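See below for the structure under consideration.
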Amino acid sequence: MNQEEVKYYRMFIAVKNTLENNTSIWSGNPKFAETKTNFDSEVKAISLLDKEASLNTKGQTRDKNQIRSAVEQKTLMLSGALTAHAALTQNETLKEKLITSKSGLERLKETELVTYAGIMADTIVPLQQTFTSDYGVTESEVEDFQTTLDEYAPLVGVTRQRQAKINASKKTLRGHVDEANRLLREIIDPLLLRYKYINAEFYNEYQQSRTIVD
């Protein structure tokens, strides 16, 4: 990222944190929630594209091994919850796909690990509320798992389906910055106006997070 994009990205993260810290206030507004999800996708795409652009061959093998180890650890943690869920819901198809041992994950080839972890992510994300309330798997844990997986996948030549969904391969990093700004300017900013009068503390905190810091 260039200096201007870095400033915007820092602002995006501040906004994202503010909104997530106040979810209970705006979660009842469907269009707000929908736009927040789209905004998060743009911010994540910016991070992924910047990481990809920053990769170099020096130390790449070491870094890849380190990231694989992190993927295996986080995958194993989620496999436990998925296994329990499969057993409780009598989902034999899912149960047969799951790996619940470190050695089992270590035996997987690089592309096989990415594929397996991707299946886990695609299973958990739509049921996040259930996994949080029933199995203690927080949204931040799943997001951290996805971020690590998305960091590992390009190193082994695999294009994550999740990246395709947000068109990361078709849009420039600047394009994601512009789209994130548009979502804030045209939708979230106007939606925040009502909170100026019904929840001034939240409104002021949001306005502070929207400040570009040099």
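Chain lettering (A, B, ...) mirrors the order of the structure tokens, residue numbering begins at 1 for each chain separately, and ligand numbering begins at 1 in order of display.
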
Which residues come within 8 Å of Leu82 in chain A, counting only C-alpha atoms, excluding same-chain residues fewer than 2 positions away, as an MDAnalysis selection string? chainID A and resid 78:80 84:86 98 120 124

What are the DSSP alpha helix (DSSP H) residues of range 49-180 of chain A, as a VMD selection string? chain A and resid 49 to 54 60 to 88 92 to 97 102 to 106 110 to 124 128 to 135 139 to 152 161 to 165 173 to 180

Using only C-alpha atoms, which residue out of A:Asn2, A:Thr83, A:Gln129, A:Thr111 lies closest to Val156 in chain A?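 Comparing A:Asn2, A:Thr83, A:Gln129, A:Thr111 against Val156 in chain A, the winner is A:Thr111.
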
Residue with smallest distance to Pro154 in chain A - pool A:Leu76, A:Leu191, A:Ile25, A:Val114, counting only C-alpha atoms: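 Of A:Leu76, A:Leu191, A:Ile25, A:Val114, the one nearest Pro154 in chain A is A:Val114, counting only C-alpha atoms.
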
Between CA of Tyr116 in chain A and CA of Ser47 in chain A, distance in Å (one decimal):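 Separation of CA of Tyr116 in chain A and CA of Ser47 in chain A: 23.1 Å.
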
Write out as a PyMOL selection string the residues lying within 12 Å of His176 in chain A, counting only C-alpha atoms and excluding same-chain residues fewer than 2 positions away. chain A and resi 1+5+8-9+12+38-50+166-174+178-183

Excluding same-chain residues fewer than 3 positions from Asn17 in chain A, what lies within 12 Å of it counting only C-alpha atoms, as a PyMOL selection string? chain A and resi 10-14+20-23+36+40+43+140+205-206+208-210

Which residues of range 54-114 of chain A come within 8 Å of range 145-148 of chain A, and for each one, what is the closest pair of atoms and their distance in Å to one decimal, counting only C-alpha atoms, sorted by chain and residue number, as a Markdown table?
```
| residue | atom | partner | partner_atom | distance |
| --- | --- | --- | --- | --- |
| A:Ile67 | CA | A:Thr148 | CA | 7.1 |
| A:Ala70 | CA | A:Thr148 | CA | 7.3 |
| A:Val71 | CA | A:Thr148 | CA | 6.3 |
| A:Lys74 | CA | A:Phe145 | CA | 6.0 |
| A:Thr75 | CA | A:Phe145 | CA | 7.3 |
```

I need the residues from that last selection saved to file as a tab-separated table (two decimals), in the first residue's frame (with C-alpha atoms), if you can.
```
chain	number	residue	atom	x	y	z
A	67	ILE	CA	2.16	-20.49	8.73
A	70	ALA	CA	-0.46	-22.17	12.66
A	71	VAL	CA	-3.06	-23.42	10.18
A	74	LYS	CA	-6.20	-23.56	14.47
A	75	THR	CA	-7.73	-26.21	12.23
```

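In this model, the gap between CA of Gly28 in chain A and CA of Gln207 in chain A comes to 20.6 Å.
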
Give me, as a PyMOL selection string, all polymer residues having an atom no more than 8 Å from Lys7 in chain A, counting only C-alpha atoms and skipping those fewer than 3 positions away in the same chain. chain A and resi 3-4+10-11+212-214

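Closest approach to Met77 in chain A from the set A:Asp63, A:Asp189, A:Glu96, A:Glu141 is made by A:Glu141, with distances taken over only C-alpha atoms.
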